[in-house]
Amino acid sequence: MPLDKQNRIRLAVLILILALVLFTGSWISISLLYRTALNEEKARLLEIVNSQAFVLENLPAEMSSGPSFLKYIHRAYEEYYNAGYKSELAIGELKEGNIVFLERQIRKGENEKLSIPFSSIIAEPMREALSGKSGIISGLDFRSNQVLAAFRPLKSLGWGLEAKIDIRDLQTPFMNAVKTAAAVSILIFALGAISLFRTTIPFFERFIKSEENYLTLLQSVKDYAIYTLDSGGIVTSWNAGAENITGYKSSEIIGKHFSRFYTVEDKNKNKPEMDLYNAMVEGKLEDTGWRVRKDGSKFWANGVITAIFDKKESLVGYSKIIRDVTESMMAEKAVEENRERFQALSEMVAEWSAELEINPGNDIRTTWRGGDFERMTGYTSEEVNSINGLADIIYPDDLVIFNNSLEKVSRGDSFSIEYRIIKKSGEIRWIQVIGKPFKFSESGIPIRYLIAGSDVTEKKMIEEKLKTSINEKEALLRELYHRTKNNMQVINSLLQIYSLKADDEKIRRVFHEMVNRIQSMALVHQKLYQSKNLSNIDLSEYMTDLSNLLLASYSESMGRISIVFEMEKIPAQIDLAIPCGLLLNEIVTNSLKHAFPENRTGEIRIGLHKLDDNVIEMSVADNGVGVPPDFDFKNNMSMGMQSVYAICENQLHGEVSFESSGGVKCTLRFRKYYT
Amino acid sequence: MDKNSRILIVEDEAITAIMICENLKISGYQVIDPVSTGEEAVKTALLEKPDVIFMDIHLAGAIDGIEAAEQINESIVIPIVFMTGYTNQDFVERTKNLRPVYYLNKPIRIKDMERIIESL
């Protein structure tokens with residue numbers, strides 16, 4: 001802040017006063033010296049007067065009575081300067097009412113006798129002496145000069161004696177000193193003023209401005225709380241940043257103890273006091289932790305408490321700089337939590353994990369390892385570092401699997417592989433390694449991979465056992481179907497053998513139909529043991545084969561009757577396939593037997609469709625001779641056709657319908673899954 | 001081949017074998033007594049030198065029908081008709097070097113047997 005005119009005048013007056021004080025002091029000192037000198041001069045003049053009076057009054061009478069006495073005195077005093085260069089001795093007598101100066105130790109050219117009326121106001125010291133008095137006086141001498149003079153009468157001679165000095169001569173050096181002091185004071189005033197206004201004030205103004213700038217800077221900083229505490233922890237200064245961060249205004253917080261920024265838990269542990277103590281002992285203290293705002297909310301503070309000492313190394317207080325790093329702390333915390341989560345997750349899903357860096361030229365390096373690689377492989381961490389991850393300990397037969405995975409890595413594909421490793425102990429273990437790229441270059445090339453490995457030997461063994469068990473069960477089931485089919489085939493063979501022995505055509509026909517029925521069931525078992533899953537067969541394929549077998553079994557129909565299939569693939573389990581086979585067998589047999597008499601030609605159309613997810617429609621239609629218009633299918637049918645109703649309605653909970661129009665069409669609808 | 005052809009049936013299911021033999025006999029063919037193992041098949045084939053062999057694949061004994069056919073083929077050329085429930089890749093691979101060879105799907109129909117015999 002620059003000085004205004006009024007302050008400049010004040011400063012000038014102050015300098016003037018100082019100069020006056022200096023002058024006054026000098027003047028007083030000089031005055032004291034002058035008084036001392038005056039007293040000394042008085043003593044000296046008295047000494048001179050008394051000593052010379054003693055000499056003159058004690059001269060022998062013959063000397064003092066003669067006429068030449070004055071000449072002797074004159075000669076004696078002519079070169080006498082005991083009174084000093086500026087002082088002089090004078091001898092006078094009273095003669096005819098006048099003061100006559102007999103001898104004056106005066107300056108050259110003034111040595112004539114001088115007579116001055118006794119009543120004159122001048123020659124005051126001699127008049128006193130001639131009046132019989134002695135002493136010292138300051139008065140006018142015979143020249144009307146103000147002098148300091150000691151005087152006494154010379155009674156034996158009837159004269160008066162005085163020793164005097166001009167007051168002016170006495171005062172001159174002191175007056176000169178006073179003038180010098182005044183000059184020095186004026187000089188000091190002038191130099192002081194010049195120095196003050198030209199140098200000191202600008203310097204201090206710059207200094208003050210710098211201080212002000214610094215303070216303004218501190219005050220205006222908003223991202224940092226900058227404040228000071230006294231030695232007891234009371235807030236003594238407060239900046240905008242402190243207000244911004246804590247919510248306290250300067251007027252609210254200055255004078256209050258800084259512990260209010262601490263949490264209750266910290267206060268209970270005396271942390272505020274401990275922080276100040278540690279800052280005092282160490283000089284400063286890194287200060288990080290939860291702090292409390294005015295509104296009670298918390299923020300994560302990071303800063304420094306610095307102890308401030310004076311020149312005597314006494315604690316003056318503390319400065320404190322704090323930053324609100326809640327967001328960055330939360331971000332770091334989130335990163336840390338993610339890291340921990342990732343760590344936990346990787347340990348949950350794998351015993352060991354690693355990060356691979358893919359460099360140009362397919363140079364693959366391991367940049368990070370997690371988990372317990374040692375436990376999995378038996379190799380210590382030093383040994384792990386000396387080998388190239390798993391590559392060096394892979395079971396030789398499985399190297400191709402590992403190398404395939406490396407190719408996938410270089411292509412940026414994910415992979416999951418299982419292969420064997422040879423542990424340090426020599427034990428062979430199965431491990432599973434999964435890998436996935438997670439970082440790509442700008443051109444989309446994978447540059448970072450995460451891989452995770454686990455010992456899956458036990459799982460592998462269980463899988464092998466399970467696989468073996470399943471294989472055994474499959475083989476058993478397949479064998480069961482096969483045996484069942486073979487047994488049915490044996491029954492058929494037996495029936496056929498007995499049929500050969502039968503003479504009656506009707507009996508042979510019954511045998512033949514029975515053989516076909518058994519064959520329809522045997523074919524299901526054959527299809528089942530030929531199927532992949534041993535539980536489902538394709539109903540359309542089964543019905544096609546069965547129809548062809550039936551057609552072939554009626555050799556007389558071969559060549560005249562053809563079968564046309566309009567079917568879609570429908571998977572069926574054994575409990576559906578067998579009734580379907582029996583149904584088809586009866587209906588197709590019926591058509592073969594009755595629809596084309598007298599060697600007629602024709603065709604049988606067999607349909608199989610899925611009406612919705614659960615309803616199947618099976619149809620057999622011939623273009624044979626048909627039936628009379630009023631024919632009652634249900635009540636005029638053979639045993640075989642009656643079984644169609646029984647199977648479809650009672651077993652499959654479906655429905656049967658017949659229609660006759662240029663042949664007979666039988667349509668069956670039933671549910672795929674029934675109870 | 002005519003009705004005088006001599007036929008060997010190799011079938012481990014005795015009833016089925018009898019049924020086939022009876023049917024063929026009724027049809028007028030000369031049928032050698034059926035055998036049920038691969039070893040017997042080889043032995044009987046080399047001994048009886050039938051005109052055609054109907055060979056089941058799954059047989060009792062140490063060798064199956066294909067191996068028995070191979071052994072027979074090493075010594076003598078006899079048409080062999082394999083009677084099989086279904087043909088898979090393994091079957092095709094194993095029988096591809098055998099000549100002459102035919103396939104007949106089970107269940108066996110005498111008409112099919114007769115058709116093959118007549119075509120030989």
# chains A, B, ... in the order shown; residues from 1 in each chain; ligands from 1

$ interface_residues --of "chain A" --to "chain B" --cutoff "10 Å" --atoms "only C-alpha atoms" --output "VMD selection string"
chain A and resid 482 485 to 487 489 to 498 500 to 501 519 522 to 523 526 to 527 529 to 530 549 552 to 553 555

$ write_last_selection --atoms "C-alpha atoms" --output "compact mmCIF listing (two decimals), in the first residue's frame"
# COMPACT_ATOMS: atom_id res chain seq x y z
CA HIS A 482 -29.54 -105.00 -28.58
CA LYS A 485 -34.12 -106.66 -30.10
CA ASN A 486 -32.31 -109.97 -30.57
CA ASN A 487 -34.69 -111.69 -28.19
CA GLN A 489 -35.91 -111.47 -33.26
CA VAL A 490 -35.57 -114.91 -31.74
CA ILE A 491 -39.26 -114.89 -30.87
CA ASN A 492 -39.99 -113.86 -34.44
CA SER A 493 -37.76 -116.62 -35.72
CA LEU A 494 -39.56 -119.12 -33.53
CA LEU A 495 -42.92 -117.85 -34.76
CA GLN A 496 -41.72 -118.07 -38.32
CA ILE A 497 -40.45 -121.64 -37.78
CA TYR A 498 -43.78 -122.68 -36.31
CA LEU A 500 -43.68 -122.90 -41.59
CA LYS A 501 -44.98 -126.03 -39.93
CA GLN A 519 -40.84 -106.64 -35.49
CA ALA A 522 -37.87 -104.82 -32.16
CA LEU A 523 -37.15 -102.09 -34.66
CA GLN A 526 -32.69 -101.48 -32.88
CA LYS A 527 -33.07 -97.76 -33.61
CA TYR A 529 -29.15 -98.86 -29.74
CA GLN A 530 -28.09 -97.30 -33.01
CA LEU A 549 -40.55 -103.83 -43.79
CA ALA A 552 -41.80 -106.32 -47.93
CA SER A 553 -43.48 -108.80 -45.59
CA SER A 555 -44.64 -110.05 -50.87

$ select_by_dssp --residues "range 188-339 of chain A" --states "strand (DSSP E)" --output "PyMOL selection string"
chain A and resi 224-230+235-238+284-292+298-309+315-324

$ residues_around --residues "range 38-41 of chain A" --least-positions-apart "3" --cutoff "9 Å" --atoms "only C-alpha atoms" --output "MDAnalysis selection string"
chainID A and resid 33:35 44:46 148 165 170:171

$ residues_around --residues "Ile561 in chain A" --least-positions-apart "6" --cutoff "7 Å" --atoms "only C-alpha atoms" --output "ChimeraX atom specification"
/A:601-603

$ write_last_selection --atoms "C-alpha atoms" --output "mmCIF file, in the first residue's frame"
data_model
loop_
_atom_site.group_PDB
_atom_site.id
_atom_site.type_symbol
_atom_site.label_atom_id
_atom_site.label_comp_id
_atom_site.auth_asym_id
_atom_site.auth_seq_id
_atom_site.Cartn_x
_atom_site.Cartn_y
_atom_site.Cartn_z
ATOM 1 C CA THR A 601 -52.314 -101.087 -57.703
ATOM 2 C CA GLY A 602 -52.185 -97.996 -55.575
ATOM 3 C CA GLU A 603 -50.339 -96.077 -52.976
#

$ select_by_dssp --residues "chain B" --states "helix (DSSP H, G or I)" --output "VMD selection string"
chain B and resid 14 to 26 38 to 48 65 to 75 89 to 95 110 to 119

$ residues_around --residues "Ala193 in chain A" --least-positions-apart "3" --cutoff "7 Å" --atoms "only C-alpha atoms" --output "PyMOL selection string"
chain A and resi 12+15+189-190+196-197

$ write_last_selection --atoms "N, CA and C atoms" --output "CSV table (one decimal), in the first residue's frame"
chain,number,residue,atom,x,y,z
A,12,ALA,N,7.7,13.4,7.5
A,12,ALA,CA,8.6,14.5,7.5
A,12,ALA,C,8.7,15.2,8.8
A,15,ILE,N,10.6,13.3,11.2
A,15,ILE,CA,12.1,13.4,11.0
A,15,ILE,C,12.5,14.8,11.5
A,189,PHE,N,18.3,16.1,9.0
A,189,PHE,CA,16.9,16.2,8.6
A,189,PHE,C,16.8,16.0,7.1
A,190,ALA,N,17.7,16.7,6.4
A,190,ALA,CA,17.7,16.7,4.9
A,190,ALA,C,18.0,15.3,4.4
A,196,LEU,N,14.5,8.7,3.5
A,196,LEU,CA,13.2,8.2,3.8
A,196,LEU,C,12.3,8.1,2.6
A,197,PHE,N,12.3,9.2,1.8
A,197,PHE,CA,11.4,9.3,0.7
A,197,PHE,C,11.9,8.7,-0.5

$ residues_around --residues "range 419-425 of chain A" --least-positions-apart "5" --cutoff "10 Å" --atoms "only C-alpha atoms" --output "PDB file with C-alpha atoms, in the first residue's frame"
ATOM      1  CA  GLU A 374       4.747 -72.297  -6.237  1.00  0.00           C
ATOM      2  CA  ARG A 375       2.090 -74.471  -4.661  1.00  0.00           C
ATOM      3  CA  MET A 376       0.774 -75.455  -8.055  1.00  0.00           C
ATOM      4  CA  THR A 377       4.145 -76.260  -9.583  1.00  0.00           C
ATOM      5  CA  GLY A 378       6.419 -76.889  -6.614  1.00  0.00           C
ATOM      6  CA  TYR A 379       8.887 -74.299  -7.830  1.00  0.00           C
ATOM      7  CA  THR A 380      10.032 -71.426  -5.581  1.00  0.00           C
ATOM      8  CA  LEU A 390       4.576 -73.033 -17.573  1.00  0.00           C
ATOM      9  CA  ALA A 391       6.249 -73.627 -20.906  1.00  0.00           C
ATOM     10  CA  ASP A 392       9.303 -75.272 -19.397  1.00  0.00           C
ATOM     11  CA  ILE A 393       7.444 -77.726 -17.218  1.00  0.00           C
ATOM     12  CA  ILE A 394       4.777 -78.959 -19.583  1.00  0.00           C
ATOM     13  CA  TYR A 395       4.388 -82.658 -20.097  1.00  0.00           C
ATOM     14  CA  PRO A 396       6.018 -83.289 -23.504  1.00  0.00           C
ATOM     15  CA  ASP A 397       2.937 -84.934 -25.061  1.00  0.00           C
ATOM     16  CA  ASP A 398       0.864 -81.859 -24.229  1.00  0.00           C
ATOM     17  CA  LEU A 399       3.266 -79.263 -25.635  1.00  0.00           C
ATOM     18  CA  VAL A 400       1.221 -79.125 -28.818  1.00  0.00           C
ATOM     19  CA  ILE A 401      -1.835 -78.076 -26.788  1.00  0.00           C
ATOM     20  CA  PHE A 402       0.197 -75.348 -25.115  1.00  0.00           C
ATOM     21  CA  TRP A 430      -3.520 -81.703 -14.884  1.00  0.00           C
ATOM     22  CA  ILE A 431      -4.022 -77.973 -15.026  1.00  0.00           C
ATOM     23  CA  GLN A 432      -6.576 -75.854 -16.764  1.00  0.00           C
ATOM     24  CA  VAL A 433      -5.512 -72.491 -18.171  1.00  0.00           C
ATOM     25  CA  ASP A 455      -4.896 -77.626 -10.809  1.00  0.00           C
ATOM     26  CA  VAL A 456      -7.793 -79.684 -12.150  1.00  0.00           C
ATOM     27  CA  THR A 457      -6.290 -83.099 -11.586  1.00  0.00           C
TER      28      THR A 457
END

$ closest_residue --among "B:Met83, B:Asn4, B:Glu40, B:Thr95" --to "Met113 in chain B" --atoms "only C-alpha atoms"
B:Met83

$ residues_around --residues "range 64-76 of chain B" --least-positions-apart "2" --cutoff "8 Å" --atoms "only C-alpha atoms" --output "MDAnalysis selection string"
chainID B and resid 37:39 41:42 45:46 55:62 78 80 82 94:95 98:99

$ atom_distance --atom1 "CA of Ile254 in chain A" --atom2 "CA of Thr236 in chain A"
5.4 Å

$ atom_distance --atom1 "CA of Ile578 in chain A" --atom2 "CA of Lys593 in chain A"
22.0 Å

$ atom_distance --atom1 "CA of Pro50 in chain B" --atom2 "CA of Val10 in chain B"
11.8 Å
